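Student: Let me give you the structure first, and then I'll get to my questions.
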Amino acid sequence: MIPEDIINEIKYRNDIETAVSQYVNLKRRGKNLVGLCPFHSEKTPSFTVYPENGSFYCFGCGVGGDVFTFTGLIENLDYIEAVKLLAERSGVTLPQDGYDDSMQRLKNKIYDINRDTARFFHSYLMSPEGKWALDYLTGRGLTLKTIRHFGLGAAPDSWDMLIKHLKGKGYSESDMVAANVVGKSQRGTLYDRFRKRVMFPIINIRGNIIAFSGRAMPGEDKQGGKYVNTSDTPVYKKSANLFGMNFAKNSCSESIILVEGNMDVISLHQAGFTNTVAPLGTAFTSEQVNLLARYTKEIVLTLDADAAGQKAIRRASELLAGSGLKVRVISIPDGKDPDEYIKKNGADRFAALLQGAVSDIEYRLLTAAGGIDTSSDDGRLKYISAAAEIVAQSDDMITRDIYIGRLSEKYGVSRTALTAKIDEIRKRNAKAKKKKEITDIIRPKISKDDINPERQKSVKATAAEETLIAVLLKNPDFHVTAKEQLPPEKMVTSLNRRIYETIISVLESGRNLDVSVFAQTLLPAELGYLVSLQNSEKADKNPEIVLKDCIRVILEEEMSASVRESAEADTGDWAANLQSLIDKKSKGKI
């Protein structure tokens, strides 16, 4: 274990508000701060930071914890790695011994396997046997310099060539499987996951190869799909990374171009647009938004012009709306993707498209007109209604005023009437937003029953346990009274019993009761559950009286449960058992 004084010093130097603000755009709400959760997609902020006790909690997905928990989740690190990262950032020296670094050793092993796998794929690509893949890449217009720059490769049409290569390097089968470059069948047979595919190594911002994406050759049997990608591993989470970000981070202070696929990224980098990135085989996520926000001021959306691309643009713009980033959109003529367009028209024409990129709101106004005959009164009315909904989503008064003026002049609609319509929509949206915020707080998406399944044993007792924990977290001095009157074994649910035992143990040893002491013993969802109790209002009024009431309810419910169990064991003695328990309670023995 890392000494408590070291943990406290690291936390002191990395206050949670500053740490979270590097990834999440926070706004003050009373004494707390709120923002869009970086761990799940949402439009209404449900992610709350509590500077007073250094914790955070999301009412939408139930994740919670302290600055170490947050850093671990956002950077895909385990607890010890998060502590080490924050210690390094703040200049705190950690002791060399005394903590388990087995997970870090596994991650380092996976990094090594990925590096050697990438070298194997690249070497095969440049060999005579890999000519089929090299011809494909050069046929797509890539130069050898670009191929080497991105470390592109090819997987041979074999079930075990990579396995044999990695075994020759001394890697174990279990580590190869953990890296997900090797699969394991139900019969226990190992096989190369990537076979006869062009390989794209995925590199994180620290320069480590963390995963691979393999593209099937055109015309080949696409068993497994056009692309096969590394599944999430201890070093890789696809929803939190972006292809090309390792290069783009060096030239993206003003803007980042977001495209759809790996080849789009590579083609644009080759053409000089080195600030280009793409999602990794998944829909754009809030985690990727937060990654982008750390490096740039503006996002230029350059996604495909087909229906799927339009949908992706809408989703991306919705996620980016609360990030504080400026958003512009490029509309590529003839439904081309960036790779196709730049090959046909060249870098200068694409640069002109970039210069002409329109704002997100203007792009949505343009696409809203698709399929509507605005020359007719009915068409104009239909379009104006759609446009009003779009303009109403802007929180900037000047932006709304500009577009109200343009729409009014172009379509012959009274400016006063259009302004009134947009104000009406904004009031309706604000009311719906407020209602959703309240609903999300009262009924979070993650049920406490999911985290504590034993809750159904006795909802009444579990509620009392939760309140008791909340009281002790805010009033640790009450732990002596609590332990005297309520031994841990009397708790009805095992999760709350574990938390209660930890609270008693920590306080009896003279340590501070802090979220950090639970971080290595509770699962992420359980830690979120604990933080939700810590920041609840259950213990704010008359905590001493509340504590006594909780203990009374728990003991009564535990006694009732004992009676039921006793009755089931011997139905003839249930009355005697009940009387015995009542007598013990009256004498203060339970």
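Residues are named by chain letter and number: chains run A, B, ... in the order of the structure tokens, numbers start at 1 in each chain, and ligands are numbered from 1 in the order shown.
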Could you list, as an MDAnalysis selection string, every residue within 9 Å of Lys457 of chain A, counting only C-alpha atoms and ignoring same-chain residues fewer than 2 positions away?
Tutor: chainID A and resid 453:455 459 461:462 492:493 561
Student: So that I can see what lies close to segment 65-74 of chain A, please list as a list in words the residues with an atom at most 8 Å from it, counting only C-alpha atoms and leaving out residues fewer than 6 positions away in the same chain.
Tutor: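 Neighbouring residues, sequence-local ones excluded: Lys11, Asn14, Asp15, Ile16, Ala19, Val20, Pro38, Phe39, Gly54, Ser55, Phe56, Tyr57, Glu81, Ala82, Val83, Leu86, Ala240, Glu287, Val515, Ser516, Ala519, Pro524, Leu527, Gly528 and Val531 of chain A.
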Student: So which bits of segment 46-226 of chain A end up strand (DSSP E or B) when you DSSP the backbone, as a PyMOL selection string?
Tutor: chain A and resi 47-50+55-58+64-65+153-155+182-184+190-192+197-203+209-216
Student: Would you list the contacts of segment 118-123 of chain A as a VMD selection string, taking every protein, DNA or RNA residue within 7 Å and counting only C-alpha atoms, but skipping same-chain residues closer than 5 positions in sequence?
Tutor: chain A and resid 151 to 155 201
Student: Would you save the residues of that selection, restricted to N, CA and C atoms, as an mmCIF file, in the first residue's frame?
Tutor:
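Output file part_32.cif follows:
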data_model
loop_
_atom_site.group_PDB
_atom_site.id
_atom_site.type_symbol
_atom_site.label_atom_id
_atom_site.label_comp_id
_atom_site.auth_asym_id
_atom_site.auth_seq_id
_atom_site.Cartn_x
_atom_site.Cartn_y
_atom_site.Cartn_z
ATOM 1 N N GLY A 151 3.563 3.215 -40.161
ATOM 2 C CA GLY A 151 3.885 1.855 -39.729
ATOM 3 C C GLY A 151 2.927 0.814 -40.264
ATOM 4 N N LEU A 152 2.415 1.043 -41.478
ATOM 5 C CA LEU A 152 1.421 0.125 -42.036
ATOM 6 C C LEU A 152 2.042 -1.238 -42.302
ATOM 7 N N GLY A 153 1.212 -2.263 -42.298
ATOM 8 C CA GLY A 153 1.714 -3.614 -42.494
ATOM 9 C C GLY A 153 0.680 -4.503 -43.144
ATOM 10 N N ALA A 154 0.948 -5.807 -43.103
ATOM 11 C CA ALA A 154 0.014 -6.780 -43.663
ATOM 12 C C ALA A 154 0.106 -8.062 -42.850
ATOM 13 N N ALA A 155 -1.054 -8.663 -42.630
ATOM 14 C CA ALA A 155 -1.108 -9.951 -41.921
ATOM 15 C C ALA A 155 -1.123 -11.061 -42.961
ATOM 16 N N PRO A 201 -1.619 -0.005 -37.481
ATOM 17 C CA PRO A 201 -1.370 0.058 -36.037
ATOM 18 C C PRO A 201 -1.991 1.325 -35.448
#
Student: Write out as a PyMOL selection string which residues come within 12 Å of Pro45 of chain A when counting only C-alpha atoms, dropping same-chain ones fewer than 2 positions away.
Tutor: chain A and resi 24-29+33-43+47-49+57-61+286+319+321-323+433-434+436-438+440-441
Student: If we count only C-alpha atoms, what is near Asp395 of chain A at a cut-off of 12 Å, once residues fewer than 6 positions away on the same chain are taken out, given as JSON, numbers by chain?
Tutor: {"A": [321, 322, 324, 361, 401, 422, 423, 426, 427, 429, 430]}
Student: Take the residues from that selection and write them out as a PDB file, in the first residue's frame, keeping C-alpha atoms.
Tutor:
ATOM      1  CA  ALA A 321     -22.218  21.204 -28.450  1.00  0.00           C
ATOM      2  CA  GLY A 322     -21.336  21.303 -24.764  1.00  0.00           C
ATOM      3  CA  GLY A 324     -16.748  24.693 -25.689  1.00  0.00           C
ATOM      4  CA  ILE A 361     -25.891  25.629 -37.367  1.00  0.00           C
ATOM      5  CA  ASP A 401     -30.335  37.233 -34.074  1.00  0.00           C
ATOM      6  CA  ILE A 422     -37.949  30.647 -31.490  1.00  0.00           C
ATOM      7  CA  ASP A 423     -38.457  32.019 -27.949  1.00  0.00           C
ATOM      8  CA  ARG A 426     -36.511  27.687 -26.272  1.00  0.00           C
ATOM      9  CA  LYS A 427     -38.917  27.876 -23.333  1.00  0.00           C
ATOM     10  CA  ASN A 429     -36.836  22.993 -24.548  1.00  0.00           C
ATOM     11  CA  ALA A 430     -35.724  24.558 -21.252  1.00  0.00           C
TER      12      ALA A 430
END
Student: Compare A:Ile372, A:Leu530, A:Ile202, A:Leu137 by their minimum atom-to-atom distance to Met245 of chain A, counting only C-alpha atoms, and give me the closest one.
Tutor: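 Residue with the minimum atom-to-atom distance to Met245 of chain A: A:Ile202.
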Student: Which one of A:Ser21, A:Thr44, A:Asn241, A:Gln270 sits closest to Gln288 of chain A if you count only C-alpha atoms?
Tutor: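 Under the stated criterion, the closest residue is A:Asn241.
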Student: Determine, counting only C-alpha atoms, which protein, DNA and RNA residues have an atom within 12 Å of an atom of Arg511 of chain A; residues of the same chain fewer than 2 positions away are not included. Present the result as a PDB file with N, CA and C atoms, in the first residue's frame.
Tutor:
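After the write, out-v9.pdb holds the following:
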ATOM      1  N   PRO A   3       1.742   4.827   1.282  1.00  0.00           N
ATOM      2  CA  PRO A   3       1.422   5.494   2.552  1.00  0.00           C
ATOM      3  C   PRO A   3       0.352   6.565   2.394  1.00  0.00           C
ATOM      4  N   GLU A   4      -0.479   6.688   3.448  1.00  0.00           N
ATOM      5  CA  GLU A   4      -1.600   7.629   3.401  1.00  0.00           C
ATOM      6  C   GLU A   4      -1.132   9.066   3.231  1.00  0.00           C
ATOM      7  N   ASP A   5       0.008   9.427   3.866  1.00  0.00           N
ATOM      8  CA  ASP A   5       0.461  10.807   3.752  1.00  0.00           C
ATOM      9  C   ASP A   5       0.883  11.146   2.320  1.00  0.00           C
ATOM     10  N   ASN A   8      -2.385  11.609   0.329  1.00  0.00           N
ATOM     11  CA  ASN A   8      -2.981  12.911   0.663  1.00  0.00           C
ATOM     12  C   ASN A   8      -2.232  14.062   0.000  1.00  0.00           C
ATOM     13  N   PRO A 476     -17.711  11.155  11.031  1.00  0.00           N
ATOM     14  CA  PRO A 476     -16.917   9.975  11.422  1.00  0.00           C
ATOM     15  C   PRO A 476     -16.821   9.770  12.932  1.00  0.00           C
ATOM     16  N   THR A 502     -15.110  -1.405   6.597  1.00  0.00           N
ATOM     17  CA  THR A 502     -13.970  -0.577   6.198  1.00  0.00           C
ATOM     18  C   THR A 502     -13.983   0.749   6.942  1.00  0.00           C
ATOM     19  N   ILE A 503     -15.165   1.353   7.061  1.00  0.00           N
ATOM     20  CA  ILE A 503     -15.293   2.623   7.785  1.00  0.00           C
ATOM     21  C   ILE A 503     -14.811   2.462   9.224  1.00  0.00           C
ATOM     22  N   ILE A 504     -15.299   1.428   9.907  1.00  0.00           N
ATOM     23  CA  ILE A 504     -14.915   1.182  11.304  1.00  0.00           C
ATOM     24  C   ILE A 504     -13.413   0.933  11.406  1.00  0.00           C
ATOM     25  N   SER A 505     -12.883   0.081  10.524  1.00  0.00           N
ATOM     26  CA  SER A 505     -11.463  -0.265  10.557  1.00  0.00           C
ATOM     27  C   SER A 505     -10.580   0.964  10.345  1.00  0.00           C
ATOM     28  N   VAL A 506     -10.935   1.784   9.362  1.00  0.00           N
ATOM     29  CA  VAL A 506     -10.131   2.975   9.053  1.00  0.00           C
ATOM     30  C   VAL A 506     -10.134   3.955  10.225  1.00  0.00           C
ATOM     31  N   LEU A 507     -11.303   4.204  10.777  1.00  0.00           N
ATOM     32  CA  LEU A 507     -11.409   5.180  11.863  1.00  0.00           C
ATOM     33  C   LEU A 507     -10.765   4.673  13.145  1.00  0.00           C
ATOM     34  N   GLU A 508     -10.874   3.378  13.414  1.00  0.00           N
ATOM     35  CA  GLU A 508     -10.246   2.821  14.617  1.00  0.00           C
ATOM     36  C   GLU A 508      -8.718   2.845  14.524  1.00  0.00           C
ATOM     37  N   SER A 509      -8.205   2.829  13.299  1.00  0.00           N
ATOM     38  CA  SER A 509      -6.751   2.876  13.135  1.00  0.00           C
ATOM     39  C   SER A 509      -6.217   4.308  13.146  1.00  0.00           C
ATOM     40  N   LEU A 513     -11.015   9.255   7.026  1.00  0.00           N
ATOM     41  CA  LEU A 513     -12.019   8.552   6.225  1.00  0.00           C
ATOM     42  C   LEU A 513     -12.183   9.294   4.907  1.00  0.00           C
ATOM     43  N   ASP A 514     -11.632   8.691   3.857  1.00  0.00           N
ATOM     44  CA  ASP A 514     -11.590   9.346   2.559  1.00  0.00           C
ATOM     45  C   ASP A 514     -11.961   8.332   1.485  1.00  0.00           C
ATOM     46  N   SER A 516     -10.476   7.573  -1.073  1.00  0.00           N
ATOM     47  CA  SER A 516      -9.296   6.838  -1.529  1.00  0.00           C
ATOM     48  C   SER A 516      -9.125   5.501  -0.827  1.00  0.00           C
ATOM     49  N   VAL A 517      -9.557   5.390   0.435  1.00  0.00           N
ATOM     50  CA  VAL A 517      -9.356   4.134   1.169  1.00  0.00           C
ATOM     51  C   VAL A 517     -10.225   3.015   0.609  1.00  0.00           C
TER      52      VAL A 517
END
